[in-house]
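S.K.: File follows, run_39.cif with mmCIF, N, CA, C and O atoms:
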data_start
loop_
_atom_site.label_atom_id
_atom_site.label_comp_id
_atom_site.auth_asym_id
_atom_site.auth_seq_id
_atom_site.Cartn_x
_atom_site.Cartn_y
_atom_site.Cartn_z
N MET A 1 5.96 14.09 3.67
CA MET A 1 5.68 13.51 4.96
C MET A 1 4.95 14.56 5.80
O MET A 1 5.45 15.68 5.95
N ASP A 2 3.82 14.19 6.36
CA ASP A 2 3.08 15.15 7.18
C ASP A 2 3.62 15.15 8.61
O ASP A 2 4.46 14.34 8.99
N LEU A 3 3.14 16.08 9.41
CA LEU A 3 3.63 16.28 10.77
C LEU A 3 3.37 15.05 11.66
O LEU A 3 4.24 14.67 12.45
N LEU A 4 2.21 14.44 11.52
CA LEU A 4 1.88 13.26 12.33
C LEU A 4 2.82 12.10 12.02
O LEU A 4 3.30 11.41 12.93
N THR A 5 3.10 11.88 10.74
CA THR A 5 4.02 10.81 10.35
C THR A 5 5.42 11.09 10.88
O THR A 5 6.10 10.17 11.37
N ALA A 6 5.87 12.33 10.81
CA ALA A 6 7.18 12.69 11.34
C ALA A 6 7.24 12.46 12.85
O ALA A 6 8.25 11.97 13.37
N PHE A 7 6.16 12.78 13.55
CA PHE A 7 6.10 12.54 14.99
C PHE A 7 6.20 11.05 15.29
O PHE A 7 6.94 10.64 16.19
N GLY A 8 5.48 10.23 14.55
CA GLY A 8 5.54 8.78 14.74
C GLY A 8 6.93 8.23 14.44
O GLY A 8 7.43 7.38 15.18
N LEU A 9 7.55 8.72 13.40
CA LEU A 9 8.91 8.29 13.05
C LEU A 9 9.88 8.66 14.16
O LEU A 9 10.73 7.85 14.56
N PHE A 10 9.74 9.86 14.70
CA PHE A 10 10.60 10.28 15.82
C PHE A 10 10.41 9.37 17.02
O PHE A 10 11.37 8.92 17.63
N ALA A 11 9.15 9.09 17.38
CA ALA A 11 8.86 8.26 18.55
C ALA A 11 9.44 6.86 18.40
O ALA A 11 10.09 6.34 19.32
N VAL A 12 9.24 6.25 17.25
CA VAL A 12 9.73 4.88 17.03
C VAL A 12 11.26 4.85 16.97
O VAL A 12 11.89 3.93 17.51
N THR A 13 11.86 5.86 16.36
CA THR A 13 13.32 5.92 16.30
C THR A 13 13.91 6.09 17.70
O THR A 13 14.89 5.44 18.06
N MET A 14 13.28 6.94 18.50
CA MET A 14 13.73 7.13 19.88
C MET A 14 13.59 5.84 20.69
O MET A 14 14.48 5.50 21.48
N MET A 15 12.50 5.12 20.48
CA MET A 15 12.32 3.84 21.16
C MET A 15 13.45 2.88 20.81
O MET A 15 14.03 2.24 21.69
N LEU A 16 13.76 2.78 19.54
CA LEU A 16 14.80 1.85 19.08
C LEU A 16 16.15 2.21 19.68
O LEU A 16 16.86 1.35 20.22
N LEU A 17 16.52 3.48 19.62
CA LEU A 17 17.81 3.91 20.15
C LEU A 17 17.92 3.70 21.66
O LEU A 17 18.93 3.20 22.16
N CYS A 18 16.88 4.08 22.37
CA CYS A 18 16.91 3.94 23.83
C CYS A 18 16.92 2.48 24.25
O CYS A 18 17.60 2.11 25.21
N TYR A 19 16.19 1.65 23.54
CA TYR A 19 16.20 0.21 23.85
C TYR A 19 17.59 -0.37 23.64
O TYR A 19 18.08 -1.16 24.45
N ALA A 20 18.24 0.04 22.57
CA ALA A 20 19.58 -0.46 22.28
C ALA A 20 20.60 0.00 23.31
O ALA A 20 21.59 -0.69 23.57
N LEU A 21 20.38 1.15 23.92
CA LEU A 21 21.35 1.74 24.85
C LEU A 21 20.98 1.56 26.32
O LEU A 21 21.72 2.01 27.20
N GLU A 22 19.89 0.88 26.63
CA GLU A 22 19.44 0.87 28.02
C GLU A 22 20.37 0.16 28.98
O GLU A 22 20.31 0.40 30.18
N ASN A 23 21.29 -0.67 28.49
CA ASN A 23 22.27 -1.28 29.39
C ASN A 23 23.30 -0.28 29.89
O ASN A 23 24.03 -0.55 30.83
N ARG A 24 23.35 0.89 29.27
CA ARG A 24 24.32 1.93 29.67
C ARG A 24 23.87 2.75 30.85
O ARG A 24 24.66 3.49 31.41
N GLY A 25 22.61 2.66 31.21
CA GLY A 25 22.16 3.42 32.37
C GLY A 25 20.65 3.49 32.48
O GLY A 25 19.92 3.29 31.50
N ALA A 26 20.21 3.82 33.68
CA ALA A 26 18.77 3.89 33.96
C ALA A 26 18.10 5.02 33.18
O ALA A 26 16.92 4.93 32.88
N GLY A 27 18.85 6.04 32.84
CA GLY A 27 18.28 7.14 32.08
C GLY A 27 17.74 6.71 30.73
O GLY A 27 16.74 7.24 30.24
N TYR A 28 18.40 5.73 30.12
CA TYR A 28 17.92 5.22 28.84
C TYR A 28 16.63 4.42 28.99
O TYR A 28 15.80 4.40 28.09
N VAL A 29 16.47 3.77 30.13
CA VAL A 29 15.22 3.05 30.39
C VAL A 29 14.08 4.06 30.54
O VAL A 29 12.99 3.86 30.00
N LEU A 30 14.35 5.15 31.26
CA LEU A 30 13.34 6.19 31.40
C LEU A 30 13.03 6.83 30.05
O LEU A 30 11.86 7.06 29.72
N ALA A 31 14.05 7.08 29.25
CA ALA A 31 13.83 7.66 27.92
C ALA A 31 13.03 6.69 27.04
O ALA A 31 12.19 7.13 26.24
N PHE A 32 13.26 5.39 27.20
CA PHE A 32 12.48 4.40 26.46
C PHE A 32 11.01 4.48 26.87
O PHE A 32 10.12 4.40 26.02
N ALA A 33 10.76 4.65 28.16
CA ALA A 33 9.38 4.78 28.64
C ALA A 33 8.71 6.01 28.03
O ALA A 33 7.55 5.95 27.59
N VAL A 34 9.43 7.11 27.98
CA VAL A 34 8.89 8.34 27.39
C VAL A 34 8.61 8.12 25.90
O VAL A 34 7.57 8.52 25.38
N ALA A 35 9.54 7.46 25.22
CA ALA A 35 9.36 7.19 23.79
C ALA A 35 8.16 6.28 23.56
O ALA A 35 7.42 6.48 22.58
N CYS A 36 7.94 5.31 24.43
CA CYS A 36 6.76 4.45 24.30
C CYS A 36 5.49 5.26 24.50
O CYS A 36 4.49 5.05 23.80
N ALA A 37 5.51 6.19 25.44
CA ALA A 37 4.35 7.05 25.65
C ALA A 37 4.09 7.91 24.41
O ALA A 37 2.94 8.08 23.99
N LEU A 38 5.15 8.42 23.80
CA LEU A 38 4.99 9.19 22.56
C LEU A 38 4.44 8.30 21.45
O LEU A 38 3.58 8.72 20.66
N GLY A 39 4.92 7.05 21.38
CA GLY A 39 4.41 6.11 20.40
C GLY A 39 2.93 5.82 20.62
O GLY A 39 2.16 5.67 19.67
N SER A 40 2.54 5.75 21.89
CA SER A 40 1.13 5.53 22.21
C SER A 40 0.28 6.71 21.75
O SER A 40 -0.78 6.52 21.14
N ILE A 41 0.76 7.91 22.02
CA ILE A 41 0.04 9.10 21.57
C ILE A 41 -0.10 9.09 20.05
O ILE A 41 -1.17 9.36 19.51
N TYR A 42 0.99 8.75 19.37
CA TYR A 42 0.95 8.67 17.91
C TYR A 42 -0.10 7.66 17.46
O TYR A 42 -0.89 7.93 16.55
N GLY A 43 -0.13 6.49 18.08
CA GLY A 43 -1.09 5.46 17.69
C GLY A 43 -2.53 5.94 17.82
O GLY A 43 -3.34 5.73 16.91
N PHE A 44 -2.84 6.59 18.93
CA PHE A 44 -4.19 7.10 19.12
C PHE A 44 -4.52 8.22 18.13
O PHE A 44 -5.61 8.27 17.58
N LEU A 45 -3.56 9.13 17.91
CA LEU A 45 -3.80 10.23 16.97
C LEU A 45 -3.99 9.73 15.54
O LEU A 45 -4.76 10.30 14.77
N GLN A 46 -3.29 8.65 15.21
CA GLN A 46 -3.36 8.12 13.86
C GLN A 46 -4.61 7.27 13.66
O GLN A 46 -4.98 6.96 12.54
N GLY A 47 -5.24 6.87 14.75
CA GLY A 47 -6.44 6.05 14.66
C GLY A 47 -6.17 4.57 14.82
O GLY A 47 -7.07 3.75 14.66
N ALA A 48 -4.94 4.22 15.14
CA ALA A 48 -4.57 2.82 15.34
C ALA A 48 -4.57 2.55 16.85
O ALA A 48 -3.52 2.41 17.48
N TRP A 49 -5.77 2.50 17.45
CA TRP A 49 -5.86 2.40 18.89
C TRP A 49 -5.22 1.13 19.47
O TRP A 49 -4.69 1.19 20.58
N PRO A 50 -5.22 -0.04 18.77
CA PRO A 50 -4.52 -1.18 19.37
C PRO A 50 -3.02 -0.89 19.57
O PRO A 50 -2.44 -1.27 20.59
N PHE A 51 -2.42 -0.21 18.61
CA PHE A 51 -1.01 0.18 18.74
C PHE A 51 -0.85 1.14 19.92
O PHE A 51 0.09 1.01 20.71
N GLY A 52 -1.76 2.08 20.04
CA GLY A 52 -1.71 3.02 21.16
C GLY A 52 -1.81 2.34 22.51
O GLY A 52 -1.08 2.69 23.45
N VAL A 53 -2.67 1.36 22.61
CA VAL A 53 -2.84 0.63 23.88
C VAL A 53 -1.58 -0.16 24.20
O VAL A 53 -1.08 -0.13 25.34
N VAL A 54 -1.04 -0.88 23.22
CA VAL A 54 0.16 -1.69 23.46
C VAL A 54 1.35 -0.81 23.85
O VAL A 54 2.10 -1.14 24.77
N GLU A 55 1.51 0.30 23.19
CA GLU A 55 2.62 1.21 23.53
C GLU A 55 2.43 1.80 24.92
O GLU A 55 3.42 2.01 25.63
N ALA A 56 1.21 2.07 25.32
CA ALA A 56 0.96 2.57 26.67
C ALA A 56 1.35 1.52 27.71
O ALA A 56 1.95 1.84 28.74
N ILE A 57 1.04 0.27 27.43
CA ILE A 57 1.43 -0.83 28.33
C ILE A 57 2.94 -0.91 28.41
O ILE A 57 3.51 -1.06 29.49
N TRP A 58 3.63 -0.82 27.26
CA TRP A 58 5.10 -0.85 27.26
C TRP A 58 5.66 0.31 28.07
O TRP A 58 6.68 0.17 28.75
N ALA A 59 5.04 1.48 28.00
CA ALA A 59 5.51 2.63 28.76
C ALA A 59 5.43 2.34 30.26
O ALA A 59 6.36 2.66 31.01
N VAL A 60 4.33 1.74 30.70
CA VAL A 60 4.18 1.40 32.12
C VAL A 60 5.22 0.36 32.54
O VAL A 60 5.85 0.48 33.60
N ILE A 61 5.43 -0.64 31.71
CA ILE A 61 6.43 -1.67 32.02
C ILE A 61 7.82 -1.04 32.12
O ILE A 61 8.59 -1.34 33.04
N ALA A 62 8.14 -0.16 31.19
CA ALA A 62 9.46 0.48 31.20
C ALA A 62 9.63 1.37 32.44
O ALA A 62 10.71 1.42 33.03
N LEU A 63 8.57 2.07 32.84
CA LEU A 63 8.66 2.88 34.06
C LEU A 63 8.91 2.00 35.29
O LEU A 63 9.70 2.37 36.16
N ARG A 64 8.26 0.87 35.34
CA ARG A 64 8.50 -0.07 36.45
C ARG A 64 9.93 -0.57 36.44
O ARG A 64 10.58 -0.66 37.49
N ARG A 65 10.47 -0.88 35.25
CA ARG A 65 11.86 -1.33 35.15
C ARG A 65 12.83 -0.23 35.57
O ARG A 65 13.84 -0.49 36.22
N TRP A 66 12.50 1.01 35.21
CA TRP A 66 13.34 2.15 35.59
C TRP A 66 13.37 2.30 37.12
O TRP A 66 14.43 2.47 37.71
N ARG A 67 12.19 2.22 37.74
CA ARG A 67 12.12 2.32 39.21
C ARG A 67 12.88 1.20 39.88
O ARG A 67 13.56 1.40 40.89
N GLN A 68 12.79 -0.01 39.34
CA GLN A 68 13.52 -1.14 39.91
C GLN A 68 15.02 -0.93 39.79
O GLN A 68 15.78 -1.27 40.70
N ARG A 69 15.46 -0.38 38.67
CA ARG A 69 16.89 -0.10 38.49
C ARG A 69 17.37 0.93 39.50
O ARG A 69 18.45 0.81 40.05
N LEU A 70 16.57 1.98 39.71
CA LEU A 70 16.95 3.00 40.69
C LEU A 70 17.02 2.42 42.09
O LEU A 70 17.92 2.74 42.88
N ALA A 71 16.06 1.59 42.43
CA ALA A 71 16.03 0.98 43.77
C ALA A 71 17.24 0.07 43.97
O ALA A 71 17.79 0.00 45.05
N GLY A 72 17.68 -0.57 42.90
CA GLY A 72 18.85 -1.43 42.99
C GLY A 72 20.14 -0.68 43.18
O GLY A 72 21.11 -1.19 43.70
N LYS A 73 20.16 0.58 42.75
CA LYS A 73 21.38 1.39 42.86
C LYS A 73 21.53 2.03 44.23
O LYS A 73 22.61 2.42 44.60
N LEU A 74 20.43 2.19 44.95
CA LEU A 74 20.51 2.86 46.25
C LEU A 74 21.16 2.02 47.30
O LEU A 74 21.25 0.89 47.37
#
Represent the supplied structure as structure tokens.

M.R.:
Amino acid sequence: MDLLTAFGLFAVTMMLLCYALENRGAGYVLAFAVACALGSIYGFLQGAWPFGVVEAIWAVIALRRWRQRLAGKL
């Protein structure tokens, strides 16, 4: 397994775990957004730009959800 593949595996695994745990707190939603951004970077580096674009969109959506969660707690 090369370094790029390992990076992609890490990003996707982090996305899965954070998505499964996001009901436990806003921090998991933020971590999911970061993982989506990492997945987007992986997609672009690998040459799969449609995957990179979709993951970037998911990162923005997750950041918005995180901000909404924080606003609801205040």

S.K.: Can you measure atom CA of A:Arg64 to atom CA of A:Gly8 for me? One decimal in Å is fine.

M.R.: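 Interatomic distance here is 23.6 Å.
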
S.K.: For the point (18.3, 3.7, 36.4) in the file's frame, write as a VMD selection string all residues with an atom no more than 12 Å away, counting only C-alpha atoms.

M.R.: chain A and resid 22 to 33 62 to 74

S.K.: With the file shown as input, list the residues that the PyMOL selection byres (((chain A and resi 53 and name CA) around 12) and name CA) selects, as number ranges by chain.

M.R.: A: 36-45, 47-52, 54-60

S.K.: One decimal, Å: what's the distance from atom N of A:Leu17 over to atom O of A:Ala35, could you say?

M.R.: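 Atom-to-atom, atom N of A:Leu17 and atom O of A:Ala35 are spaced 10.0 Å apart.
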
S.K.: So how far away is atom CA of A:Thr5 from atom O of A:Leu21, in Å?

M.R.: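 Pair atom O of A:Leu21 / atom CA of A:Thr5 returns 26.0 Å.
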
S.K.: Between A:Ala20, A:Val12, A:Ile61, A:Leu4, which residue has the minimum interatomic distance to A:Gln46, considering only C-alpha atoms?

M.R.: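 That would be A:Leu4, the residue with the smallest distance to A:Gln46.
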
S.K.: Can you put all heavy atoms back into stretch 58-69 of chain A and show it as a PDB file, in the frame of the given file?

M.R.:
ATOM      1  N   TRP A  58       3.630  -0.820  27.260  1.00  0.00           N
ATOM      2  CA  TRP A  58       5.100  -0.850  27.260  1.00  0.00           C
ATOM      3  C   TRP A  58       5.660   0.310  28.070  1.00  0.00           C
ATOM      4  O   TRP A  58       6.680   0.170  28.750  1.00  0.00           O
ATOM      5  CB  TRP A  58       5.641  -0.814  25.842  1.00  0.00           C
ATOM      6  CG  TRP A  58       5.784  -2.170  25.244  1.00  0.00           C
ATOM      7  CD1 TRP A  58       5.113  -2.666  24.171  1.00  0.00           C
ATOM      8  CD2 TRP A  58       6.646  -3.229  25.686  1.00  0.00           C
ATOM      9  NE1 TRP A  58       5.509  -3.962  23.941  1.00  0.00           N
ATOM     10  CE2 TRP A  58       6.442  -4.325  24.850  1.00  0.00           C
ATOM     11  CE3 TRP A  58       7.569  -3.342  26.731  1.00  0.00           C
ATOM     12  CZ2 TRP A  58       7.138  -5.526  25.009  1.00  0.00           C
ATOM     13  CZ3 TRP A  58       8.255  -4.546  26.888  1.00  0.00           C
ATOM     14  CH2 TRP A  58       8.031  -5.615  26.028  1.00  0.00           C
ATOM     15  N   ALA A  59       5.040   1.480  28.000  1.00  0.00           N
ATOM     16  CA  ALA A  59       5.510   2.630  28.760  1.00  0.00           C
ATOM     17  C   ALA A  59       5.430   2.340  30.260  1.00  0.00           C
ATOM     18  O   ALA A  59       6.360   2.660  31.010  1.00  0.00           O
ATOM     19  CB  ALA A  59       4.695   3.874  28.413  1.00  0.00           C
ATOM     20  N   VAL A  60       4.330   1.740  30.700  1.00  0.00           N
ATOM     21  CA  VAL A  60       4.180   1.400  32.120  1.00  0.00           C
ATOM     22  C   VAL A  60       5.220   0.360  32.540  1.00  0.00           C
ATOM     23  O   VAL A  60       5.850   0.480  33.600  1.00  0.00           O
ATOM     24  CB  VAL A  60       2.742   0.901  32.413  1.00  0.00           C
ATOM     25  CG1 VAL A  60       2.624   0.343  33.820  1.00  0.00           C
ATOM     26  CG2 VAL A  60       1.740   2.032  32.193  1.00  0.00           C
ATOM     27  N   ILE A  61       5.430  -0.640  31.710  1.00  0.00           N
ATOM     28  CA  ILE A  61       6.430  -1.670  32.020  1.00  0.00           C
ATOM     29  C   ILE A  61       7.820  -1.040  32.120  1.00  0.00           C
ATOM     30  O   ILE A  61       8.590  -1.340  33.040  1.00  0.00           O
ATOM     31  CB  ILE A  61       6.403  -2.784  30.948  1.00  0.00           C
ATOM     32  CG1 ILE A  61       5.116  -3.596  31.063  1.00  0.00           C
ATOM     33  CG2 ILE A  61       7.631  -3.687  31.063  1.00  0.00           C
ATOM     34  CD1 ILE A  61       4.868  -4.538  29.894  1.00  0.00           C
ATOM     35  N   ALA A  62       8.140  -0.160  31.190  1.00  0.00           N
ATOM     36  CA  ALA A  62       9.460   0.480  31.200  1.00  0.00           C
ATOM     37  C   ALA A  62       9.630   1.370  32.440  1.00  0.00           C
ATOM     38  O   ALA A  62      10.710   1.420  33.030  1.00  0.00           O
ATOM     39  CB  ALA A  62       9.665   1.293  29.923  1.00  0.00           C
ATOM     40  N   LEU A  63       8.570   2.070  32.840  1.00  0.00           N
ATOM     41  CA  LEU A  63       8.660   2.880  34.060  1.00  0.00           C
ATOM     42  C   LEU A  63       8.910   2.000  35.290  1.00  0.00           C
ATOM     43  O   LEU A  63       9.700   2.370  36.160  1.00  0.00           O
ATOM     44  CB  LEU A  63       7.375   3.683  34.258  1.00  0.00           C
ATOM     45  CG  LEU A  63       7.260   4.959  33.447  1.00  0.00           C
ATOM     46  CD1 LEU A  63       5.878   5.586  33.628  1.00  0.00           C
ATOM     47  CD2 LEU A  63       8.340   5.950  33.835  1.00  0.00           C
ATOM     48  N   ARG A  64       8.260   0.870  35.340  1.00  0.00           N
ATOM     49  CA  ARG A  64       8.500  -0.070  36.450  1.00  0.00           C
ATOM     50  C   ARG A  64       9.930  -0.570  36.440  1.00  0.00           C
ATOM     51  O   ARG A  64      10.580  -0.660  37.490  1.00  0.00           O
ATOM     52  CB  ARG A  64       7.525  -1.249  36.395  1.00  0.00           C
ATOM     53  CG  ARG A  64       6.100  -0.843  36.745  1.00  0.00           C
ATOM     54  CD  ARG A  64       5.163  -2.012  36.795  1.00  0.00           C
ATOM     55  NE  ARG A  64       5.575  -2.893  37.879  1.00  0.00           N
ATOM     56  CZ  ARG A  64       5.430  -4.227  37.861  1.00  0.00           C
ATOM     57  NH1 ARG A  64       4.869  -4.805  36.832  1.00  0.00           N
ATOM     58  NH2 ARG A  64       5.835  -4.946  38.864  1.00  0.00           N
ATOM     59  N   ARG A  65      10.470  -0.880  35.250  1.00  0.00           N
ATOM     60  CA  ARG A  65      11.860  -1.330  35.150  1.00  0.00           C
ATOM     61  C   ARG A  65      12.830  -0.230  35.570  1.00  0.00           C
ATOM     62  O   ARG A  65      13.840  -0.490  36.220  1.00  0.00           O
ATOM     63  CB  ARG A  65      12.167  -1.793  33.726  1.00  0.00           C
ATOM     64  CG  ARG A  65      11.466  -3.114  33.400  1.00  0.00           C
ATOM     65  CD  ARG A  65      11.694  -3.608  31.986  1.00  0.00           C
ATOM     66  NE  ARG A  65      13.050  -3.471  31.556  1.00  0.00           N
ATOM     67  CZ  ARG A  65      13.426  -2.860  30.417  1.00  0.00           C
ATOM     68  NH1 ARG A  65      12.525  -2.349  29.620  1.00  0.00           N
ATOM     69  NH2 ARG A  65      14.678  -2.781  30.088  1.00  0.00           N
ATOM     70  N   TRP A  66      12.500   1.010  35.210  1.00  0.00           N
ATOM     71  CA  TRP A  66      13.340   2.150  35.590  1.00  0.00           C
ATOM     72  C   TRP A  66      13.370   2.300  37.120  1.00  0.00           C
ATOM     73  O   TRP A  66      14.430   2.470  37.710  1.00  0.00           O
ATOM     74  CB  TRP A  66      12.815   3.408  34.920  1.00  0.00           C
ATOM     75  CG  TRP A  66      13.497   4.656  35.362  1.00  0.00           C
ATOM     76  CD1 TRP A  66      14.788   5.030  35.101  1.00  0.00           C
ATOM     77  CD2 TRP A  66      12.927   5.692  36.151  1.00  0.00           C
ATOM     78  NE1 TRP A  66      15.045   6.249  35.678  1.00  0.00           N
ATOM     79  CE2 TRP A  66      13.916   6.682  36.330  1.00  0.00           C
ATOM     80  CE3 TRP A  66      11.674   5.895  36.708  1.00  0.00           C
ATOM     81  CZ2 TRP A  66      13.683   7.844  37.050  1.00  0.00           C
ATOM     82  CZ3 TRP A  66      11.447   7.054  37.421  1.00  0.00           C
ATOM     83  CH2 TRP A  66      12.450   8.011  37.588  1.00  0.00           C
ATOM     84  N   ARG A  67      12.190   2.220  37.740  1.00  0.00           N
ATOM     85  CA  ARG A  67      12.120   2.320  39.210  1.00  0.00           C
ATOM     86  C   ARG A  67      12.880   1.200  39.880  1.00  0.00           C
ATOM     87  O   ARG A  67      13.560   1.400  40.890  1.00  0.00           O
ATOM     88  CB  ARG A  67      10.665   2.333  39.668  1.00  0.00           C
ATOM     89  CG  ARG A  67       9.974   3.654  39.370  1.00  0.00           C
ATOM     90  CD  ARG A  67       8.566   3.688  39.865  1.00  0.00           C
ATOM     91  NE  ARG A  67       8.519   3.306  41.258  1.00  0.00           N
ATOM     92  CZ  ARG A  67       7.416   3.113  41.939  1.00  0.00           C
ATOM     93  NH1 ARG A  67       6.244   3.272  41.352  1.00  0.00           N
ATOM     94  NH2 ARG A  67       7.440   2.768  43.200  1.00  0.00           N
ATOM     95  N   GLN A  68      12.790  -0.010  39.340  1.00  0.00           N
ATOM     96  CA  GLN A  68      13.520  -1.140  39.910  1.00  0.00           C
ATOM     97  C   GLN A  68      15.020  -0.930  39.790  1.00  0.00           C
ATOM     98  O   GLN A  68      15.780  -1.270  40.700  1.00  0.00           O
ATOM     99  CB  GLN A  68      13.097  -2.432  39.221  1.00  0.00           C
ATOM    100  CG  GLN A  68      11.717  -2.870  39.589  1.00  0.00           C
ATOM    101  CD  GLN A  68      11.216  -4.035  38.753  1.00  0.00           C
ATOM    102  OE1 GLN A  68      11.813  -4.393  37.738  1.00  0.00           O
ATOM    103  NE2 GLN A  68      10.098  -4.619  39.143  1.00  0.00           N
ATOM    104  N   ARG A  69      15.460  -0.380  38.670  1.00  0.00           N
ATOM    105  CA  ARG A  69      16.890  -0.100  38.490  1.00  0.00           C
ATOM    106  C   ARG A  69      17.370   0.930  39.500  1.00  0.00           C
ATOM    107  O   ARG A  69      18.450   0.810  40.050  1.00  0.00           O
ATOM    108  CB  ARG A  69      17.171   0.411  37.095  1.00  0.00           C
ATOM    109  CG  ARG A  69      17.507  -0.658  36.128  1.00  0.00           C
ATOM    110  CD  ARG A  69      18.192  -0.041  34.950  1.00  0.00           C
ATOM    111  NE  ARG A  69      18.687  -1.094  34.109  1.00  0.00           N
ATOM    112  CZ  ARG A  69      19.488  -0.898  33.106  1.00  0.00           C
ATOM    113  NH1 ARG A  69      19.877   0.315  32.806  1.00  0.00           N
ATOM    114  NH2 ARG A  69      19.901  -1.887  32.385  1.00  0.00           N
TER     115      ARG A  69
END
